[in-house]
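Structure below is upload-v5.tsv: TSV, C-alpha atoms (C1' of nucleotides).
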```tsv
chain	number	residue	atom	x	y	z
U	1	MET	CA	-93.29	-71.40	-55.77
U	2	PHE	CA	-90.82	-73.58	-57.70
U	3	ASN	CA	-91.43	-77.17	-58.61
U	4	LEU	CA	-88.51	-79.56	-58.37
U	5	ASN	CA	-87.65	-79.47	-62.06
U	6	GLU	CA	-87.50	-75.71	-62.03
U	7	GLU	CA	-85.17	-75.72	-59.08
U	8	ILE	CA	-82.86	-78.27	-60.66
U	9	LYS	CA	-82.75	-76.26	-63.87
U	10	GLN	CA	-82.02	-73.12	-61.92
U	11	THR	CA	-79.23	-74.81	-60.01
U	12	GLU	CA	-77.67	-76.19	-63.16
U	13	PHE	CA	-77.90	-72.79	-64.75
U	14	ILE	CA	-76.03	-71.19	-61.87
U	15	ASN	CA	-73.49	-74.01	-61.63
U	16	LYS	CA	-72.55	-73.88	-65.29
U	17	ARG	CA	-72.01	-70.15	-65.03
U	18	GLN	CA	-70.01	-70.44	-61.83
U	19	GLU	CA	-67.91	-73.08	-63.54
U	20	LEU	CA	-67.34	-70.65	-66.38
U	21	ALA	CA	-66.31	-67.89	-63.99
U	22	VAL	CA	-63.77	-70.14	-62.33
U	23	ASN	CA	-62.65	-71.41	-65.70
U	24	ILE	CA	-61.97	-67.91	-66.99
U	25	LEU	CA	-59.97	-67.04	-63.88
U	26	HIS	CA	-57.98	-70.27	-64.15
U	27	THR	CA	-57.27	-69.79	-67.82
U	28	ALA	CA	-55.99	-66.25	-67.32
U	29	SER	CA	-53.86	-67.35	-64.41
U	30	TRP	CA	-52.52	-70.29	-66.42
U	31	TYR	CA	-51.64	-68.03	-69.32
U	32	LYS	CA	-49.96	-65.48	-67.08
U	33	SER	CA	-47.90	-68.15	-65.46
U	34	VAL	CA	-46.72	-69.63	-68.78
U	35	ASN	CA	-45.87	-66.11	-69.83
U	36	SER	CA	-43.90	-65.34	-66.68
U	37	VAL	CA	-41.87	-68.50	-67.06
U	38	PHE	CA	-41.03	-67.54	-70.63
U	39	PHE	CA	-39.72	-64.11	-69.63
U	40	LYS	CA	-37.93	-65.16	-66.46
U	41	PRO	CA	-34.60	-65.98	-68.19
U	42	TYR	CA	-34.47	-62.37	-69.39
U	43	ASP	CA	-35.22	-61.07	-65.91
U	44	LEU	CA	-38.36	-59.41	-67.21
U	45	THR	CA	-41.97	-59.67	-66.18
U	46	PRO	CA	-44.67	-59.78	-68.88
U	47	ASN	CA	-45.62	-56.19	-68.01
U	48	GLN	CA	-42.06	-54.98	-68.29
U	49	PHE	CA	-41.74	-56.70	-71.66
U	50	ASN	CA	-44.98	-55.05	-72.75
U	51	VAL	CA	-43.61	-51.60	-71.93
U	52	LEU	CA	-40.34	-52.27	-73.76
U	53	ARG	CA	-42.15	-53.46	-76.85
U	54	ILE	CA	-44.36	-50.38	-76.86
U	55	LEU	CA	-41.30	-48.13	-76.65
U	56	ARG	CA	-39.57	-50.02	-79.43
U	57	GLY	CA	-42.69	-49.67	-81.53
U	58	GLN	CA	-42.28	-45.90	-81.35
U	59	LYS	CA	-38.85	-46.21	-82.95
U	60	LEU	CA	-36.94	-42.99	-82.22
U	61	LYS	CA	-39.90	-40.94	-81.07
U	62	PRO	CA	-40.07	-40.54	-77.32
U	63	CYS	CA	-43.27	-41.63	-75.64
U	64	SER	CA	-45.03	-40.04	-72.67
U	65	LEU	CA	-46.08	-42.09	-69.68
U	66	GLN	CA	-49.66	-41.49	-70.72
U	67	MET	CA	-49.09	-42.95	-74.17
U	68	VAL	CA	-47.43	-46.05	-72.78
U	69	SER	CA	-50.25	-46.62	-70.29
U	70	GLU	CA	-52.88	-46.41	-73.01
U	71	ARG	CA	-51.14	-49.03	-75.10
U	72	MET	CA	-50.60	-51.50	-72.25
U	73	VAL	CA	-52.43	-54.81	-72.37
U	74	ASP	CA	-53.35	-54.16	-68.81
U	75	LYS	CA	-54.48	-50.59	-68.51
U	76	ASN	CA	-55.10	-49.07	-65.07
U	77	SER	CA	-51.80	-50.51	-64.17
U	78	ASN	CA	-49.12	-48.54	-62.42
U	79	THR	CA	-47.03	-47.97	-65.47
U	80	GLY	CA	-44.90	-45.38	-63.69
U	81	ARG	CA	-43.52	-47.90	-61.26
U	82	ILE	CA	-43.06	-50.55	-63.90
U	83	ILE	CA	-40.87	-48.04	-65.72
U	84	ASP	CA	-38.98	-47.31	-62.49
U	85	ARG	CA	-37.84	-50.94	-62.52
U	86	LEU	CA	-36.84	-50.76	-66.18
U	87	LEU	CA	-34.86	-47.62	-65.37
U	88	ASP	CA	-33.07	-49.42	-62.56
U	89	LYS	CA	-32.02	-52.09	-65.05
U	90	GLY	CA	-30.98	-49.47	-67.60
U	91	LEU	CA	-33.43	-50.69	-70.23
U	92	VAL	CA	-35.20	-47.36	-70.75
U	93	ASN	CA	-34.31	-43.67	-70.60
U	94	ARG	CA	-36.46	-41.01	-69.01
U	95	CYS	CA	-36.08	-37.26	-69.39
U	96	GLU	CA	-38.16	-34.14	-69.08
U	97	ASN	CA	-40.11	-33.04	-72.14
U	98	LYS	CA	-38.91	-29.64	-73.41
U	99	SER	CA	-42.23	-28.23	-74.53
U	100	ASP	CA	-44.34	-29.48	-71.64
U	101	ARG	CA	-42.38	-29.84	-68.45
U	102	ARG	CA	-45.10	-31.97	-66.86
U	103	GLN	CA	-44.49	-34.74	-69.34
U	104	VAL	CA	-41.60	-37.19	-69.45
U	105	ASP	CA	-39.95	-38.48	-72.61
U	106	LEU	CA	-39.48	-42.24	-72.48
U	107	THR	CA	-37.28	-44.18	-74.88
U	108	ILE	CA	-35.89	-47.68	-74.97
U	109	SER	CA	-32.14	-47.97	-74.46
U	110	GLN	CA	-29.73	-49.98	-76.58
U	111	LYS	CA	-29.55	-52.54	-73.80
U	112	GLY	CA	-33.34	-52.78	-73.93
U	113	LEU	CA	-33.28	-53.27	-77.69
U	114	ASN	CA	-30.71	-56.02	-77.32
U	115	ILE	CA	-32.87	-57.94	-74.86
U	116	LEU	CA	-35.92	-57.57	-77.09
U	117	SER	CA	-34.09	-58.98	-80.08
U	118	GLU	CA	-32.94	-61.95	-77.99
U	119	ILE	CA	-36.57	-62.50	-77.05
U	120	ASP	CA	-37.73	-62.18	-80.66
U	121	ASP	CA	-35.61	-65.19	-81.56
U	122	ASN	CA	-37.45	-67.36	-79.06
U	123	MET	CA	-40.93	-65.95	-79.57
U	124	PRO	CA	-42.12	-68.86	-81.72
U	125	LYS	CA	-41.80	-71.17	-78.70
U	126	MET	CA	-44.18	-68.86	-76.87
U	127	SER	CA	-46.76	-68.63	-79.63
U	128	SER	CA	-47.16	-72.39	-79.61
U	129	ILE	CA	-49.06	-72.26	-76.33
U	130	MET	CA	-52.31	-72.17	-78.20
U	131	ASP	CA	-51.54	-74.84	-80.78
U	132	ASN	CA	-54.16	-77.20	-79.48
U	133	LEU	CA	-56.97	-74.99	-80.72
U	134	ASN	CA	-57.68	-74.74	-84.43
U	135	ASP	CA	-58.51	-71.49	-86.20
U	136	GLU	CA	-62.23	-71.93	-85.91
U	137	GLU	CA	-62.03	-72.63	-82.20
U	138	VAL	CA	-59.88	-69.56	-81.66
U	139	ASN	CA	-62.44	-67.45	-83.50
U	140	THR	CA	-65.31	-68.94	-81.53
U	141	LEU	CA	-63.54	-68.25	-78.25
U	142	ASN	CA	-62.81	-64.66	-79.22
U	143	HIS	CA	-66.39	-64.16	-80.26
U	144	LEU	CA	-67.92	-65.64	-77.12
U	145	LEU	CA	-65.59	-63.80	-74.77
U	146	ASN	CA	-66.48	-60.54	-76.49
U	147	LYS	CA	-70.16	-61.33	-76.25
U	148	LEU	CA	-69.79	-62.14	-72.57
U	149	LYS	CA	-68.12	-58.83	-71.77
U	150	ASN	CA	-70.25	-56.60	-73.96
U	151	LYS	CA	-73.15	-57.00	-71.60
U	152	LYS	CA	-75.67	-54.25	-72.34
V	1	MET	CA	-38.48	-69.57	-98.06
V	2	PHE	CA	-42.06	-68.30	-97.61
V	3	ASN	CA	-44.20	-66.97	-100.37
V	4	LEU	CA	-46.39	-63.98	-99.60
V	5	ASN	CA	-49.56	-65.96	-98.99
V	6	GLU	CA	-47.81	-68.19	-96.49
V	7	GLU	CA	-46.53	-65.20	-94.60
V	8	ILE	CA	-49.92	-63.56	-94.47
V	9	LYS	CA	-51.50	-66.77	-93.22
V	10	GLN	CA	-48.81	-67.11	-90.60
V	11	THR	CA	-49.31	-63.53	-89.45
V	12	GLU	CA	-53.06	-63.95	-89.22
V	13	PHE	CA	-52.57	-67.15	-87.28
V	14	ILE	CA	-50.37	-65.40	-84.73
V	15	ASN	CA	-52.58	-62.32	-84.55
V	16	LYS	CA	-55.75	-64.27	-83.84
V	17	ARG	CA	-54.00	-66.11	-81.06
V	18	GLN	CA	-52.51	-62.96	-79.61
V	19	GLU	CA	-55.95	-61.43	-79.69
V	20	LEU	CA	-57.23	-64.44	-77.80
V	21	ALA	CA	-54.50	-64.13	-75.18
V	22	VAL	CA	-55.35	-60.48	-74.59
V	23	ASN	CA	-59.03	-61.31	-74.64
V	24	ILE	CA	-58.65	-63.93	-71.92
V	25	LEU	CA	-56.67	-61.55	-69.74
V	26	HIS	CA	-59.24	-58.81	-70.25
V	27	THR	CA	-62.15	-61.09	-69.51
V	28	ALA	CA	-60.61	-62.30	-66.27
V	29	SER	CA	-59.79	-58.78	-65.23
V	30	TRP	CA	-63.31	-57.63	-66.12
V	31	TYR	CA	-64.83	-60.44	-64.08
V	32	LYS	CA	-62.58	-59.78	-61.10
V	33	SER	CA	-63.49	-56.14	-61.15
V	34	VAL	CA	-67.25	-56.79	-61.28
V	35	ASN	CA	-66.73	-59.20	-58.42
V	36	SER	CA	-64.76	-56.74	-56.32
V	37	VAL	CA	-67.42	-54.10	-56.74
V	38	PHE	CA	-70.07	-56.57	-55.61
V	39	PHE	CA	-68.21	-57.42	-52.40
V	40	LYS	CA	-67.02	-53.92	-51.57
V	41	PRO	CA	-70.15	-52.93	-49.57
V	42	TYR	CA	-69.42	-55.85	-47.24
V	43	ASP	CA	-65.78	-54.78	-46.86
V	44	LEU	CA	-64.70	-58.12	-48.28
V	45	THR	CA	-62.49	-59.01	-51.21
V	46	PRO	CA	-63.49	-61.93	-53.45
V	47	ASN	CA	-60.72	-64.02	-51.89
V	48	GLN	CA	-61.87	-63.26	-48.38
V	49	PHE	CA	-65.41	-64.20	-49.34
V	50	ASN	CA	-64.11	-67.42	-50.85
V	51	VAL	CA	-62.41	-68.37	-47.57
V	52	LEU	CA	-65.52	-67.56	-45.53
V	53	ARG	CA	-67.71	-69.67	-47.80
V	54	ILE	CA	-65.33	-72.59	-47.55
V	55	LEU	CA	-65.37	-72.40	-43.77
V	56	ARG	CA	-69.16	-72.19	-43.70
V	57	GLY	CA	-69.28	-75.23	-45.96
V	58	GLN	CA	-67.53	-77.21	-43.24
V	59	LYS	CA	-70.35	-76.41	-40.82
V	60	LEU	CA	-69.08	-77.03	-37.31
V	61	LYS	CA	-65.96	-78.95	-38.23
V	62	PRO	CA	-62.79	-76.86	-38.01
V	63	CYS	CA	-60.70	-76.66	-41.11
V	64	SER	CA	-56.92	-76.56	-41.36
V	65	LEU	CA	-55.13	-73.90	-43.38
V	66	GLN	CA	-54.15	-76.64	-45.81
V	67	MET	CA	-57.74	-77.67	-46.41
V	68	VAL	CA	-58.84	-74.10	-47.05
V	69	SER	CA	-55.99	-73.52	-49.51
V	70	GLU	CA	-56.87	-76.61	-51.49
V	71	ARG	CA	-60.47	-75.51	-51.88
V	72	MET	CA	-59.66	-71.94	-52.92
V	73	VAL	CA	-60.54	-70.86	-56.43
V	74	ASP	CA	-57.09	-69.44	-56.61
V	75	LYS	CA	-54.69	-71.97	-55.20
V	76	ASN	CA	-51.04	-71.02	-54.61
V	77	SER	CA	-52.43	-67.99	-52.95
V	78	ASN	CA	-51.28	-66.85	-49.57
V	79	THR	CA	-54.26	-68.13	-47.70
V	80	GLY	CA	-52.56	-67.56	-44.34
V	81	ARG	CA	-52.45	-63.83	-44.82
V	82	ILE	CA	-55.94	-63.67	-46.20
V	83	ILE	CA	-57.07	-65.32	-42.99
V	84	ASP	CA	-55.03	-62.83	-40.97
V	85	ARG	CA	-57.26	-60.09	-42.38
V	86	LEU	CA	-60.42	-62.04	-41.62
V	87	LEU	CA	-59.15	-62.53	-38.07
V	88	ASP	CA	-58.58	-58.79	-37.73
V	89	LYS	CA	-62.21	-58.23	-38.68
V	90	GLY	CA	-63.39	-60.95	-36.30
V	91	LEU	CA	-64.95	-63.05	-39.06
V	92	VAL	CA	-63.02	-66.25	-38.33
V	93	ASN	CA	-61.53	-67.99	-35.32
V	94	ARG	CA	-58.13	-69.62	-35.25
V	95	CYS	CA	-56.77	-71.95	-32.62
V	96	GLU	CA	-54.19	-74.65	-32.24
V	97	ASN	CA	-55.20	-78.18	-33.13
V	98	LYS	CA	-55.08	-80.48	-30.08
V	99	SER	CA	-53.89	-83.63	-31.81
V	100	ASP	CA	-51.35	-82.02	-34.14
V	101	ARG	CA	-49.84	-78.85	-32.79
V	102	ARG	CA	-48.52	-77.84	-36.19
V	103	GLN	CA	-52.03	-77.42	-37.51
V	104	VAL	CA	-54.49	-74.66	-36.84
V	105	ASP	CA	-58.24	-75.08	-36.47
V	106	LEU	CA	-60.13	-72.49	-38.47
V	107	THR	CA	-63.84	-71.79	-38.08
V	108	ILE	CA	-66.16	-69.06	-39.22
V	109	SER	CA	-67.49	-66.77	-36.49
V	110	GLN	CA	-71.10	-65.74	-35.97
V	111	LYS	CA	-70.24	-62.33	-37.36
V	112	GLY	CA	-68.85	-64.06	-40.45
V	113	LEU	CA	-72.01	-66.12	-40.84
V	114	ASN	CA	-74.12	-62.99	-40.60
V	115	ILE	CA	-72.22	-61.28	-43.39
V	116	LEU	CA	-72.48	-64.37	-45.59
V	117	SER	CA	-76.23	-64.54	-45.18
V	118	GLU	CA	-76.52	-60.87	-46.10
V	119	ILE	CA	-74.51	-61.64	-49.22
V	120	ASP	CA	-76.65	-64.68	-50.02
V	121	ASP	CA	-79.65	-62.42	-50.34
V	122	ASN	CA	-77.97	-60.35	-53.03
V	123	MET	CA	-76.23	-63.18	-54.85
V	124	PRO	CA	-78.77	-63.34	-57.69
V	125	LYS	CA	-77.68	-59.85	-58.77
V	126	MET	CA	-74.18	-61.19	-59.10
V	127	SER	CA	-75.10	-64.29	-61.05
V	128	SER	CA	-76.72	-62.16	-63.70
V	129	ILE	CA	-73.33	-61.04	-65.00
V	130	MET	CA	-73.41	-63.84	-67.50
V	131	ASP	CA	-76.98	-63.48	-68.66
V	132	ASN	CA	-75.99	-62.47	-72.14
V	133	LEU	CA	-74.73	-65.95	-72.94
V	134	ASN	CA	-77.18	-68.78	-73.44
V	135	ASP	CA	-76.67	-72.28	-72.08
V	136	GLU	CA	-75.09	-73.59	-75.23
V	137	GLU	CA	-72.63	-70.72	-75.40
V	138	VAL	CA	-71.66	-71.24	-71.78
V	139	ASN	CA	-71.01	-74.90	-72.48
V	140	THR	CA	-68.97	-74.11	-75.58
V	141	LEU	CA	-66.87	-71.60	-73.67
V	142	ASN	CA	-66.21	-74.06	-70.87
V	143	HIS	CA	-65.28	-76.74	-73.35
V	144	LEU	CA	-62.92	-74.57	-75.39
V	145	LEU	CA	-61.20	-73.10	-72.35
V	146	ASN	CA	-60.60	-76.59	-71.03
V	147	LYS	CA	-59.25	-77.72	-74.36
V	148	LEU	CA	-56.94	-74.72	-74.48
V	149	LYS	CA	-55.45	-75.42	-71.08
V	150	ASN	CA	-55.20	-79.19	-71.36
V	151	LYS	CA	-52.34	-78.84	-73.78
V	152	LYS	CA	-50.59	-82.21	-73.95
T	1	DC	C1'	-53.00	-10.87	-65.94
T	2	DT	C1'	-55.08	-13.51	-62.13
T	3	DA	C1'	-57.75	-17.33	-60.30
T	4	DC	C1'	-59.30	-21.65	-61.06
T	5	DA	C1'	-59.70	-25.96	-63.56
T	6	DT	C1'	-57.28	-29.40	-65.97
T	7	DT	C1'	-53.47	-32.32	-66.97
T	8	DA	C1'	-49.12	-35.29	-66.22
T	9	DG	C1'	-46.76	-37.57	-63.01
T	10	DT	C1'	-45.32	-39.07	-58.34
T	11	DT	C1'	-46.08	-41.19	-54.06
T	12	DG	C1'	-48.55	-43.84	-50.63
T	13	DT	C1'	-51.65	-47.65	-49.06
T	14	DC	C1'	-53.86	-52.12	-49.33
T	15	DG	C1'	-54.58	-56.77	-51.04
T	16	DC	C1'	-52.71	-60.30	-53.28
T	17	DG	C1'	-49.92	-63.96	-56.36
T	18	DA	C1'	-45.45	-66.10	-56.70
T	19	DC	C1'	-41.73	-67.61	-54.53
T	20	DA	C1'	-38.03	-68.56	-50.99
T	21	DT	C1'	-36.74	-69.38	-46.45
T	22	DA	C1'	-37.51	-70.34	-41.54
T	23	DT	C1'	-39.47	-72.89	-37.57
T	24	DA	C1'	-41.87	-76.14	-35.11
T	25	DT	C1'	-43.81	-80.57	-34.90
T	26	DT	C1'	-44.61	-85.14	-36.26
T	27	DT	C1'	-43.37	-89.35	-38.60
T	28	DG	C1'	-40.85	-93.05	-39.92
T	29	DC	C1'	-36.60	-95.56	-40.61
T	30	DG	C1'	-32.73	-97.99	-38.76
H	1	DC	C1'	-34.97	-94.87	-28.90
H	2	DG	C1'	-32.58	-91.22	-31.94
H	3	DC	C1'	-32.23	-88.71	-35.89
H	4	DA	C1'	-33.39	-87.40	-40.49
H	5	DA	C1'	-37.24	-86.55	-43.70
H	6	DA	C1'	-41.73	-84.92	-44.20
H	7	DT	C1'	-45.40	-81.81	-42.87
H	8	DA	C1'	-48.02	-77.43	-41.34
H	9	DT	C1'	-47.53	-73.03	-40.94
H	10	DA	C1'	-45.26	-68.40	-40.59
H	11	DT	C1'	-42.55	-64.76	-42.46
H	12	DG	C1'	-40.09	-61.99	-45.86
H	13	DT	C1'	-39.44	-60.14	-50.59
H	14	DC	C1'	-40.88	-58.66	-55.14
H	15	DG	C1'	-44.13	-57.23	-58.65
H	16	DC	C1'	-48.36	-55.54	-59.51
H	17	DG	C1'	-53.64	-53.91	-59.73
H	18	DA	C1'	-56.80	-50.62	-57.63
H	19	DC	C1'	-57.29	-46.47	-55.75
H	20	DA	C1'	-56.51	-41.98	-53.20
H	21	DA	C1'	-53.90	-37.98	-52.28
H	22	DC	C1'	-50.53	-34.83	-53.70
H	23	DT	C1'	-47.43	-31.71	-56.64
H	24	DA	C1'	-46.15	-29.16	-60.44
H	25	DA	C1'	-47.12	-27.23	-64.85
H	26	DT	C1'	-50.28	-25.66	-68.23
H	27	DG	C1'	-54.71	-23.93	-70.11
H	28	DT	C1'	-58.56	-20.94	-69.78
H	29	DA	C1'	-62.25	-17.72	-68.48
H	30	DG	C1'	-63.17	-13.26	-66.94
```
Represent the structure of the file as structure tokens.
Amino acid sequence: MFNLNEEIKQTEFINKRQELAVNILHTASWYKSVNSVFFKPYDLTPNQFNVLRILRGQKLKPCSLQMVSERMVDKNSNTGRIIDRLLDKGLVNRCENKSDRRQVDLTISQKGLNILSEIDDNMPKMSSIMDNLNDEEVNTLNHLLNKLKNKK
Amino acid sequence: MFNLNEEIKQTEFINKRQELAVNILHTASWYKSVNSVFFKPYDLTPNQFNVLRILRGQKLKPCSLQMVSERMVDKNSNTGRIIDRLLDKGLVNRCENKSDRRQVDLTISQKGLNILSEIDDNMPKMSSIMDNLNDEEVNTLNHLLNKLKNKK
DNA sequence: CTACATTAGTTGTCGCGACATATATTTGCG
DNA sequence: CGCAAATATATGTCGCGACAACTAATGTAG
């Protein structure tokens, strides 16, 4: 049997946590949307940009699909089909790996490199999204989000 | 011209914020996935559940598509097609509004109500996702996420 | 060496967010 | 009243996450 105070406490407890759930979803969706707008002029989605940057990071060395997937911000994503779109636009190259014919060798094309360097120039505008939090607040947020996820 | 210390500070600044961006995306994706798993046994997606709960909240009064969309956790979402799927499963009813023939009257069906009450019974399991944060931490998170988004 | 398991990728399906366009109905202005 | 703007919804396209099924190539145990 609950008394009234207990019930109110319980309700508040649940409400604050529901608010947090909604808040997290909203924040992610807000961030994604700001991101999408930033990349739109380059006709890239954030995921496509992510793949290009990973390939550039490998310099000359070709990368397998596997390797790209593991480095993606969003794992479990259909990296294969994201690369299909980059292929269509001529921003990456794909060819069969000589030593293991199951694998594909992925590299970024010159055209892809050109787009990335254009983007680099405007990156600072993007980074300023989070200017309204100070260093301590950023650290606190990181810490609490980690704590939230590392349940058990 | 930067000196080395300035550059390091700058890099740390950007890295912490990039980490936060990734962290927010991961947290949202983690929460969505826990949520999806919870609703899977009822053959509902979180969005479909959200629509059903909104309709139940209206009790007997029919709700227009507009009204449902506004109350959704995720606005801008294609509520019409989410409702199509609920219609297919017989969980909602849709009919033309008498006084304004552009509008549709949406109500939850008995079958829909039954599923919701099943879910109600197991809700506490769901709420426990956030047990590893205490009240103060939940409040801090809510506050910081709001501050982050309310840029300008 | 053969049979089977494992691995790398491809392809298909569903649900959905974002966005653009289309259509019907109502409203409101002259 | 008549016609244009506003409103409510429907429909189509793209990109993508989650997931399942499939194919081809390689590794491995007997």
- Task: Just need the residues of chain T within 10 Å of chain U, counting only C-alpha atoms (C1' of nucleotides), so spit them out as a PyMOL selection string.
- Result: chain T and resi 7-10+17-18
- Hey, list the chain U side of the contact with chain V: 6 Å cut-off, only C-alpha atoms, answer as a PyMOL selection string. chain U and resi 20+24-25+28+142
- Given the choices T:DT6, T:DT23, T:DT13, T:DG28, which gets closest to H:DA21 if the distance is worked out from only C-alpha atoms (C1' of nucleotides)? T:DT13
With chain V as the partner and 9 Å as the cut-off, tabulate the residues of chain H that qualify, each row holding the nearest pair of atoms and their distance in Å to one decimal, using all atoms listed in the file, sorted by chain and rising number, as a tab-separated table.
```
residue	atom	partner	partner_atom	distance
H:DT7	C1'	V:Arg102	CA	8.4
H:DA8	C1'	V:Arg102	CA	5.2
H:DT9	C1'	V:Arg102	CA	6.8
H:DA10	C1'	V:Gly80	CA	8.2
```
- Task: Might you pull out every residue within 10 Å of V:Ile108, with only C-alpha atoms (C1' of nucleotides) counted and same-chain residues fewer than 5 positions away left off, and present them as a list of chain:residue names?
- Result: V:Val51, V:Leu52, V:Arg53, V:Ile54, V:Leu55, V:Arg56, V:Gly57, V:Gln58, V:Lys59, V:Leu60, V:Lys61, V:Pro62, V:Cys63, V:Leu86, V:Leu87, V:Gly90, V:Leu91, V:Val92, V:Asn93, V:Arg94, V:Leu113
- So what do you get for atom CA of V:Asp88 versus atom CA of V:Val37, distance-wise? 21.5 Å
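Going from atom CA of V:Asp121 over to atom CA of V:Gln48, you cover 17.9 Å.
Across the model, the gap from atom C1' of T:DG12 to atom CA of U:Asp84 is 15.6 Å.
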With 6 Å on each side, where is the centre of the axis-aligned box around all listed atoms of stretch 6-12 of chain H, and how long are its edges in Å to one decimal, as lines of an AutoDock Vina configuration file?
```
center_x = -44.1
center_y = -73.5
center_z = -43.2
size_x = 19.9
size_y = 34.9
size_z = 17.3
```
Would you fill out stretch 42-53 of chain V with N, CA and C atoms and return it as a compact mmCIF listing (two decimals), in the frame of the given file?
```txt
# COMPACT_ATOMS: atom_id res chain seq x y z
N TYR V 42 -69.56 -54.99 -48.42
CA TYR V 42 -69.42 -55.85 -47.24
C TYR V 42 -68.01 -55.78 -46.68
N ASP V 43 -67.19 -54.90 -47.25
CA ASP V 43 -65.78 -54.78 -46.86
C ASP V 43 -65.06 -56.13 -46.95
N LEU V 44 -65.37 -56.84 -48.03
CA LEU V 44 -64.70 -58.12 -48.28
C LEU V 44 -64.11 -58.09 -49.69
N THR V 45 -62.99 -58.79 -49.87
CA THR V 45 -62.49 -59.01 -51.21
C THR V 45 -63.02 -60.36 -51.67
N PRO V 46 -63.01 -60.63 -52.97
CA PRO V 46 -63.49 -61.93 -53.45
C PRO V 46 -62.76 -63.09 -52.77
N ASN V 47 -61.47 -62.97 -52.56
CA ASN V 47 -60.72 -64.02 -51.89
C ASN V 47 -61.18 -64.23 -50.46
N GLN V 48 -61.42 -63.15 -49.77
CA GLN V 48 -61.87 -63.26 -48.38
C GLN V 48 -63.23 -63.93 -48.33
N PHE V 49 -64.11 -63.56 -49.26
CA PHE V 49 -65.41 -64.20 -49.34
C PHE V 49 -65.26 -65.70 -49.61
N ASN V 50 -64.35 -66.02 -50.51
CA ASN V 50 -64.11 -67.42 -50.85
C ASN V 50 -63.73 -68.23 -49.61
N VAL V 51 -62.83 -67.68 -48.79
CA VAL V 51 -62.41 -68.37 -47.57
C VAL V 51 -63.60 -68.54 -46.62
N LEU V 52 -64.37 -67.48 -46.45
CA LEU V 52 -65.52 -67.56 -45.53
C LEU V 52 -66.50 -68.65 -45.99
N ARG V 53 -66.74 -68.70 -47.30
CA ARG V 53 -67.71 -69.67 -47.80
C ARG V 53 -67.21 -71.09 -47.61
```
